[in-house]
Structures are given as C-alpha cells and as structure tokens.
>>> print(open('my_file12.txt').read())   # compact mmCIF, C-alpha atoms
# COMPACT_ATOMS: atom_id res chain seq x y z
CA MET O 1 11.54 -15.24 25.22
CA ALA O 2 7.99 -14.09 25.80
CA ARG O 3 4.85 -14.96 23.93
CA VAL O 4 2.16 -12.39 23.28
CA ILE O 5 -1.31 -13.22 22.01
CA VAL O 6 -3.25 -10.83 19.81
CA ASP O 7 -6.93 -11.70 19.45
CA VAL O 8 -8.81 -9.95 16.66
CA MET O 9 -12.61 -9.97 16.57
CA LEU O 10 -15.13 -8.24 14.34
CA LYS O 11 -16.75 -5.32 16.11
CA PRO O 12 -20.06 -6.36 17.69
CA GLU O 13 -22.12 -4.29 15.25
CA ILE O 14 -20.52 -5.89 12.16
CA LEU O 15 -22.43 -8.81 10.63
CA ASP O 16 -20.31 -11.96 10.88
CA ALA O 17 -21.60 -14.05 7.99
CA GLN O 18 -19.09 -16.83 8.64
CA GLY O 19 -19.94 -17.04 12.34
CA GLN O 20 -23.63 -17.23 11.45
CA ALA O 21 -22.99 -20.07 9.01
CA ILE O 22 -21.10 -21.97 11.71
CA ALA O 23 -23.92 -21.40 14.19
CA ARG O 24 -26.43 -22.72 11.65
CA ALA O 25 -24.33 -25.85 11.07
CA LEU O 26 -24.10 -26.81 14.75
CA PRO O 27 -27.67 -28.10 15.24
CA ARG O 28 -27.21 -30.35 12.21
CA LEU O 29 -24.26 -31.91 14.02
CA GLY O 30 -26.35 -32.48 17.11
CA PHE O 31 -25.07 -29.54 19.16
CA SER O 32 -28.00 -27.69 20.64
CA GLY O 33 -28.23 -24.69 22.93
CA VAL O 34 -25.89 -22.40 20.99
CA SER O 35 -27.40 -18.95 20.52
CA ALA O 36 -24.59 -17.36 18.46
CA VAL O 37 -21.05 -17.90 17.14
CA ARG O 38 -18.60 -15.20 16.15
CA GLN O 39 -15.39 -15.99 14.36
CA GLY O 40 -12.10 -14.21 14.94
CA LYS O 41 -8.37 -14.51 14.48
CA ARG O 42 -5.60 -15.28 16.96
CA PHE O 43 -1.99 -14.23 16.38
CA VAL O 44 0.75 -15.85 18.45
CA VAL O 45 3.68 -13.43 18.53
CA ASP O 46 6.98 -14.70 19.92
CA LEU O 47 9.32 -11.98 21.11
CA GLU O 48 13.10 -12.20 21.18
CA GLY O 49 13.17 -10.47 24.56
CA PRO O 50 10.82 -9.96 27.48
CA ALA O 51 7.27 -8.63 27.13
CA ASP O 52 8.05 -5.29 28.70
CA GLU O 53 6.09 -2.11 28.12
CA THR O 54 8.17 -1.15 25.05
CA ALA O 55 7.64 -4.53 23.42
CA LEU O 56 3.92 -4.51 24.22
CA SER O 57 3.57 -1.04 22.81
CA ASP O 58 5.18 -2.34 19.60
CA VAL O 59 2.77 -5.27 19.48
CA ARG O 60 -0.17 -2.90 19.91
CA LYS O 61 1.21 -0.84 17.03
CA MET O 62 1.46 -4.03 14.91
CA ALA O 63 -2.13 -4.86 15.75
CA GLU O 64 -3.26 -1.35 14.92
CA THR O 65 -1.47 -1.12 11.56
CA LEU O 66 -1.56 -4.66 10.19
CA LEU O 67 -3.07 -7.46 12.28
CA ALA O 68 -6.45 -5.77 12.70
CA ASN O 69 -8.42 -3.43 10.46
CA THR O 70 -9.77 -1.13 13.14
CA VAL O 71 -12.53 0.04 10.82
CA ILE O 72 -14.25 -3.32 11.35
CA GLU O 73 -12.25 -5.15 14.02
CA ASP O 74 -11.24 -4.83 17.69
CA TYR O 75 -8.14 -6.41 19.14
CA THR O 76 -6.82 -7.40 22.54
CA VAL O 77 -3.19 -8.00 23.51
CA THR O 78 -2.35 -10.43 26.31
CA VAL O 79 0.94 -11.85 27.53
CA GLU O 80 0.94 -15.63 27.75
CA SER O 81 2.26 -16.78 31.09
CA MET K 1 0.53 15.23 -28.54
CA SER K 2 1.61 12.20 -26.54
CA ALA K 3 -1.03 9.89 -25.09
CA ALA K 4 -2.07 10.20 -21.46
CA ARG K 5 -0.20 7.68 -19.33
CA VAL K 6 -2.21 5.47 -17.00
CA GLY K 7 -0.25 3.25 -14.62
CA VAL K 8 -1.55 -0.28 -14.06
CA VAL K 9 -0.27 -1.91 -10.88
CA THR K 10 0.71 -5.57 -10.64
CA PHE K 11 1.06 -7.27 -7.25
CA PRO K 12 1.84 -10.94 -6.81
CA GLY K 13 -1.58 -12.49 -7.32
CA THR K 14 -3.08 -9.68 -9.42
CA LEU K 15 -5.31 -11.05 -12.20
CA ASP K 16 -6.85 -8.20 -14.13
CA ASP K 17 -3.82 -6.07 -14.98
CA GLN K 18 -3.64 -7.24 -18.59
CA ASP K 19 -7.32 -6.48 -19.21
CA ALA K 20 -6.91 -3.10 -17.51
CA ALA K 21 -3.88 -2.23 -19.65
CA ARG K 22 -5.74 -3.34 -22.75
CA ALA K 23 -8.74 -1.19 -21.82
CA VAL K 24 -6.47 1.83 -21.39
CA ARG K 25 -4.92 1.25 -24.82
CA HIS K 26 -8.34 0.60 -26.35
CA ALA K 27 -9.41 4.07 -25.20
CA GLY K 28 -6.32 5.64 -26.73
CA GLY K 29 -4.11 5.95 -23.66
CA GLU K 30 -0.70 4.55 -22.87
CA ALA K 31 -0.74 1.81 -20.23
CA VAL K 32 2.34 1.92 -18.03
CA PRO K 33 3.07 -1.27 -16.04
CA LEU K 34 3.85 -0.53 -12.39
CA TRP K 35 5.41 -3.24 -10.24
CA HIS K 36 4.47 -3.55 -6.56
CA ALA K 37 8.10 -3.83 -5.43
CA ASP K 38 9.32 -0.71 -7.26
CA PRO K 39 8.65 2.49 -5.34
CA ASP K 40 8.35 4.37 -8.63
CA LEU K 41 5.19 5.77 -10.21
CA LYS K 42 7.11 6.46 -13.45
CA GLY K 43 5.50 9.87 -13.77
CA VAL K 44 2.07 8.50 -14.72
CA ASP K 45 -0.97 10.79 -14.94
CA ALA K 46 -3.37 8.35 -13.25
CA VAL K 47 -3.29 4.88 -11.69
CA PHE K 48 -5.53 1.83 -12.11
CA LEU K 49 -5.42 -0.69 -9.25
CA PRO K 50 -6.77 -3.90 -10.79
CA GLY K 51 -8.47 -6.87 -9.22
CA GLY K 52 -7.20 -10.29 -8.29
CA PHE K 53 -5.89 -11.86 -5.14
CA SER K 54 -2.85 -9.79 -4.26
CA TYR K 55 -0.64 -11.59 -1.73
CA GLY K 56 -3.18 -14.42 -1.82
CA ASP K 57 -5.65 -12.29 0.17
CA TYR K 58 -3.60 -13.33 3.23
CA LEU K 59 -4.72 -11.79 6.52
CA ARG K 60 -7.41 -9.66 4.86
CA CYS K 61 -7.93 -8.72 1.21
CA GLY K 62 -5.53 -5.88 0.45
CA ALA K 63 -4.01 -5.80 3.95
CA ILE K 64 -0.49 -6.76 2.85
CA SER K 65 -0.56 -5.00 -0.53
CA ARG K 66 -1.28 -1.75 1.21
CA PHE K 67 2.32 -1.79 2.53
CA ALA K 68 4.00 -2.66 -0.80
CA PRO K 69 6.86 -0.31 -1.76
CA LEU K 70 4.83 1.08 -4.67
CA MET K 71 1.95 1.90 -2.33
CA GLU K 72 4.26 3.97 -0.14
CA GLU K 73 4.60 6.22 -3.21
CA LEU K 74 1.03 5.92 -4.40
CA ILE K 75 -0.68 6.79 -1.11
CA PRO K 76 0.80 10.30 -0.75
CA ALA K 77 0.38 10.94 -4.50
CA ALA K 78 -3.29 9.97 -4.31
CA ARG K 79 -3.77 12.19 -1.26
CA ALA K 80 -2.24 15.01 -3.31
CA GLY K 81 -4.77 14.55 -6.11
CA LEU K 82 -3.46 11.85 -8.49
CA PRO K 83 -6.51 10.14 -10.05
CA VAL K 84 -6.72 6.53 -8.81
CA LEU K 85 -9.32 3.90 -9.69
CA GLY K 86 -9.44 0.62 -7.77
CA THR K 87 -11.66 -2.22 -8.92
CA CYS K 88 -12.44 -5.29 -6.83
CA ASN K 89 -9.17 -6.15 -5.05
CA GLY K 90 -8.03 -2.64 -5.97
CA PHE K 91 -11.04 -1.23 -4.08
CA GLN K 92 -10.16 -3.44 -1.11
CA ILE K 93 -6.59 -2.13 -1.17
CA LEU K 94 -7.82 1.50 -1.26
CA CYS K 95 -9.96 0.84 1.82
CA GLU K 96 -7.14 -0.93 3.67
CA ALA K 97 -4.88 2.03 2.83
CA HIS K 98 -7.53 4.36 4.30
CA LEU K 99 -7.68 6.27 1.03
CA LEU K 100 -11.37 5.40 1.01
CA PRO K 101 -13.54 4.95 4.12
CA GLY K 102 -15.11 1.68 5.24
CA ALA K 103 -14.15 -1.90 4.47
CA LEU K 104 -15.10 -4.84 2.25
CA MET K 105 -16.11 -8.06 3.92
CA ARG K 106 -17.12 -11.61 3.06
CA ASN K 107 -20.29 -11.64 0.94
CA ALA K 108 -23.41 -11.98 3.08
CA GLY K 109 -24.28 -15.24 1.33
CA LEU K 110 -20.67 -16.47 1.73
CA HIS K 111 -20.62 -17.54 -1.92
CA TYR K 112 -18.23 -16.25 -4.51
CA ILE K 113 -20.41 -14.37 -7.00
CA CYS K 114 -19.63 -14.18 -10.71
CA ARG K 115 -22.35 -12.59 -12.80
CA ASP K 116 -23.40 -9.66 -14.95
CA GLN K 117 -24.59 -6.95 -12.63
CA GLY K 118 -26.74 -3.87 -13.06
CA VAL K 119 -25.09 -0.78 -11.62
CA ARG K 120 -26.42 2.77 -11.36
CA VAL K 121 -23.98 5.66 -11.72
CA GLU K 122 -24.80 8.01 -8.84
CA ASN K 123 -22.00 10.54 -9.14
CA THR K 124 -20.36 11.86 -12.28
CA ALA K 125 -18.20 14.49 -10.62
CA THR K 126 -15.09 12.31 -10.65
CA PRO K 127 -12.38 11.98 -13.31
CA TRP K 128 -13.40 8.34 -13.75
CA THR K 129 -17.16 8.84 -14.26
CA SER K 130 -17.55 12.17 -16.06
CA ASP K 131 -18.56 10.49 -19.34
CA PHE K 132 -21.63 8.91 -17.71
CA THR K 133 -24.85 10.68 -16.88
CA GLU K 134 -26.16 10.75 -13.36
CA GLY K 135 -28.65 7.94 -12.81
CA GLN K 136 -27.43 6.03 -15.86
CA GLU K 137 -27.77 2.29 -15.47
CA ILE K 138 -24.95 0.19 -16.82
CA VAL K 139 -24.06 -3.51 -16.76
CA LEU K 140 -20.65 -4.72 -15.60
CA PRO K 141 -19.30 -8.10 -14.55
CA VAL K 142 -18.84 -8.72 -10.82
CA LYS K 143 -16.67 -11.58 -9.53
CA HIS K 144 -15.76 -11.58 -5.89
CA GLY K 145 -16.14 -13.36 -2.59
CA GLU K 146 -15.50 -10.35 -0.37
CA GLY K 147 -17.40 -7.38 -1.69
CA ARG K 148 -19.83 -6.52 1.08
CA TYR K 149 -19.25 -2.85 1.75
CA VAL K 150 -19.52 -1.86 5.40
CA ALA K 151 -18.90 1.37 7.28
CA ASP K 152 -20.08 2.77 10.59
CA GLU K 153 -23.27 4.79 10.64
CA ALA K 154 -21.53 8.18 10.72
CA THR K 155 -19.33 7.31 7.72
CA LEU K 156 -22.29 5.94 5.81
CA SER K 157 -24.44 8.99 6.34
CA ALA K 158 -21.52 11.26 5.40
CA LEU K 159 -21.04 9.27 2.17
CA GLU K 160 -24.73 9.53 1.36
CA GLY K 161 -25.08 13.14 2.45
CA ASN K 162 -22.10 14.32 0.41
CA GLY K 163 -23.01 12.32 -2.68
CA HIS K 164 -19.87 10.23 -2.40
CA VAL K 165 -21.63 6.98 -3.28
CA VAL K 166 -20.60 6.70 -6.92
CA PHE K 167 -22.16 3.36 -7.86
CA ARG K 168 -25.10 1.40 -6.52
CA TYR K 169 -26.22 -2.12 -7.40
CA VAL K 170 -29.56 -2.35 -9.17
CA GLY K 171 -31.60 -5.45 -9.91
CA GLY K 172 -30.36 -7.23 -6.80
CA ASN K 173 -27.56 -6.72 -4.30
CA PRO K 174 -24.99 -9.47 -4.93
CA ASN K 175 -23.14 -9.33 -1.62
CA GLY K 176 -25.16 -7.62 1.08
CA SER K 177 -23.37 -4.26 0.79
CA LEU K 178 -24.91 -1.59 2.99
CA ASN K 179 -27.25 0.71 1.02
CA ASP K 180 -26.50 -1.40 -2.10
CA ILE K 181 -23.18 0.41 -2.39
CA ALA K 182 -21.04 -0.83 -5.29
CA GLY K 183 -18.50 1.99 -5.35
CA ILE K 184 -17.49 5.19 -3.57
CA ARG K 185 -15.16 8.17 -3.92
CA ASN K 186 -13.06 10.25 -1.59
CA GLU K 187 -13.81 13.83 -0.62
CA ALA K 188 -11.75 15.30 -3.48
CA GLY K 189 -13.22 12.86 -6.02
CA ASN K 190 -9.88 11.79 -7.51
CA ILE K 191 -9.98 8.38 -5.80
CA VAL K 192 -12.77 5.98 -6.78
CA GLY K 193 -13.20 2.34 -5.81
CA LEU K 194 -15.82 -0.17 -6.94
CA MET K 195 -16.33 -3.93 -6.88
CA PRO K 196 -17.58 -4.39 -10.49
CA HIS K 197 -15.11 -4.64 -13.36
CA PRO K 198 -15.17 -1.96 -16.08
CA GLU K 199 -11.96 -3.36 -17.60
CA HIS K 200 -13.81 -6.57 -18.50
CA ALA K 201 -16.51 -4.68 -20.36
CA VAL K 202 -14.86 -2.75 -23.17
CA GLU K 203 -15.04 -5.12 -26.15
CA ASP K 204 -17.86 -7.25 -27.59
CA LEU K 205 -15.27 -9.77 -28.71
CA THR K 206 -14.64 -11.00 -25.16
CA GLY K 207 -18.27 -11.92 -24.51
CA ALA K 208 -18.71 -9.04 -22.11
CA PRO K 209 -22.29 -8.23 -21.13
CA SER K 210 -21.81 -4.67 -22.40
CA THR K 211 -19.16 -2.19 -23.38
CA ASP K 212 -20.23 0.13 -20.57
CA GLY K 213 -16.77 -0.11 -19.01
CA ARG K 214 -15.45 2.13 -21.78
CA GLY K 215 -16.94 5.15 -20.02
CA PHE K 216 -14.40 4.88 -17.20
CA PHE K 217 -11.47 4.98 -19.58
CA SER K 218 -12.87 7.67 -21.88
CA SER K 219 -13.61 9.78 -18.77
CA ILE K 220 -10.08 9.64 -17.40
CA LEU K 221 -8.42 10.14 -20.78
CA LYS K 222 -10.55 13.21 -21.53
CA LYS K 223 -9.72 14.57 -18.12
CA LEU K 224 -5.98 14.03 -18.62
CA VAL K 225 -5.93 15.52 -22.10
CA ASN K 226 -7.78 18.61 -20.91
CA LEU K 227 -5.54 19.22 -17.90
>>> encode(input="my_file12.txt", output="structure tokens")
Amino acid sequence: MARVIVDVMLKPEILDAQGQAIARALPRLGFSGVSAVRQGKRFVVDLEGPADETALSDVRKMAETLLANTVIEDYTVTVES
Amino acid sequence: MSAARVGVVTFPGTLDDQDAARAVRHAGGEAVPLWHADPDLKGVDAVFLPGGFSYGDYLRCGAISRFAPLMEELIPAARAGLPVLGTCNGFQILCEAHLLPGALMRNAGLHYICRDQGVRVENTATPWTSDFTEGQEIVLPVKHGEGRYVADEATLSALEGNGHVVFRYVGGNPNGSLNDIAGIRNEAGNIVGLMPHPEHAVEDLTGAPSTDGRGFFSSILKKLVNL
C-alpha cells in the first residue's frame, strides 16, 4: 500500500484572508519575525496498490476535478516514502 | 394555459428551497421540487439553485454538490440554454461546476455577513433580470461567509468588457468581491449567479427589506410564457 500526499494551496495572486488573520495573531502570541502566512489543505490518499504512474495519474485527475479548484488553487502530488 | 414550471433543487444542507418555491408560486409559476440524488429534471422550464450549506460546505462550498446526480443532468441542460439562477450557495455551485467563471472565497473580513444590501442591476439582458431597468438600485438580503468573488485578470476584464457583470454592490462591499461584483452571467445569458437573496425579498409579511426580489421571478415567468 502506498501513500500519496496532495497539497493544495491558493494561487499566489489570490488574497488569503485566513492566512493574513493567522499572521496578525502571531505577534500577539509572542511570535515575532513572521512576514506572511498562507493557509492550504493537505490530503493523505492511501492507495490499495503501488504508487505507479497509472495510480499517480489518477490522483492528479482527482486533484484536478475535486480536491483543488484550479481557478483559485494549485496542487502538488508527492509519494510519501 | 398551464403555469411555467420552475425546478427548485434541494441538496442535503440546502436552506432556502422553501422560500424559493414560495417565491415562484407567489409570482404565478409552478415550483417543482428537484432532489439532488435523482438525475431527473422533470421537464422543468427553468431551474433555481437555492442557498444553504449543501454537503456542509465540505472541501469547498459547492465542490461536492457539483457532482450530485441531478447536476450531471443540469450541467448539460444549462449549457444547452436552460435558464438557471443560482443564489448564494447556488452561485458557488455554478462556479464550481464551471458554468460561470471565477470562484467565491471567504469574505475579506472573515466574518459571516447578514444584512440588507444595496445592489445595482447592471445587465437586464438575461431571462432573470429583464423586468428590471439597467442601473436600477434594489435592496436584497445577503447572508454568507464565503461570497468574495474572485477571477483572474483576463476573466475579469472579459466579464466587464462584455457586460456580463449583472449585479454590483452599492453602499458598501460586504465581502471584498473584486470590482464590487455581486452577480454575473454566462456568455449566453441563461445562467445567472448572485450572492444576494431575491427569494427572501418577495413579501412584506416576512420583514424583508423590500419586495425587489419579485423582479427575478416575474422576469423568468414572462420569459417562459412568451417562449
């Protein structure tokens, strides 16, 4: 069984209001030196079989159709070793 | 002559379907309940996608609803010209289904906004807005946490250039939408989506800020009767 990670992040040009709110909260908690925070989503996809090219192509299709909205988000697919 | 039939879709988590159906009946149409799990449009003449929190807004608002069995029927029908109006969550679903360009994101101020909102009608060349006059300012309730309209620069300038921005917020932008956009249409004009709620503004009895929402329903019913 292989595990594939899909990370979804807002495109750089899209305002991330939640990330900004987190960044603004950090100094209040005593964390200094943070210039920006962006928030994303991580999907942990467990496969029944190996993470071969066919399976990865399916995961990319999943990301494209459902996990990410490519109008506003980018995604990356990595195999967890 | 039988009344025009307007389908009103219910997903798990939809809230405004009863008000939408009531608004259709109030305008003299027949409201036909459509269930998300039935891939059957029941021969309706138009479809209203109401607001709410379909599928609990899981993943992204409208992301799961877009793949509901009913939507598999509705998407090709809408592409072929069936009039479709999506309000609030319905607008989000239309964007997720790529029937309308762009996307709706968390309000810039992060707060859920519930208030009476001034809206200017920018485009009356749609079956849902023909009873308004261009530039007319109306008041409708807004109630959403994720209504900030975004699109890339090319999409935005195409929307503006082609007059496909149908509604714009006036008297303050509640959510940080680009260009104060409250609602848009597709190229053909049959598909319209907006964040404000016309179905909550058809009767004085309910404490609505106006009855301006009636114009949406009178527009579509006139259009269907005159087909």
>>> residues_around(input="my_file12.txt", residues="K:Thr129", least_positions_apart="4", cutoff="6 Å", atoms="all atoms listed in the file", output="PyMOL selection string")
chain K and resi 124+216+219
>>> atom_distance(input="my_file12.txt", atom1="atom CA of K:Phe67", atom2="atom CA of O:Leu67")
12.5 Å
>>> atom_distance(input="my_file12.txt", atom1="atom CA of K:Glu30", atom2="atom CA of K:Met71")
20.9 Å
>>> residues_around(input="my_file12.txt", residues="stretch 3-6 of chain O", least_positions_apart="3", cutoff="8 Å", atoms="all atoms listed in the file", output="list in words")
Arg42, Phe43, Val44, Val45, Asp46, Leu47, Ala51, Ala63, Tyr75, Thr76, Val77, Thr78, Val79, Glu80 and Ser81 of chain O
>>> residues_around(input="my_file12.txt", residues="O:Val71", least_positions_apart="2", cutoff="10 Å", atoms="only C-alpha atoms", output="ChimeraX atom specification")
/O:10-11,68-69,73-74 /K:95-96,98,101-103,150-152
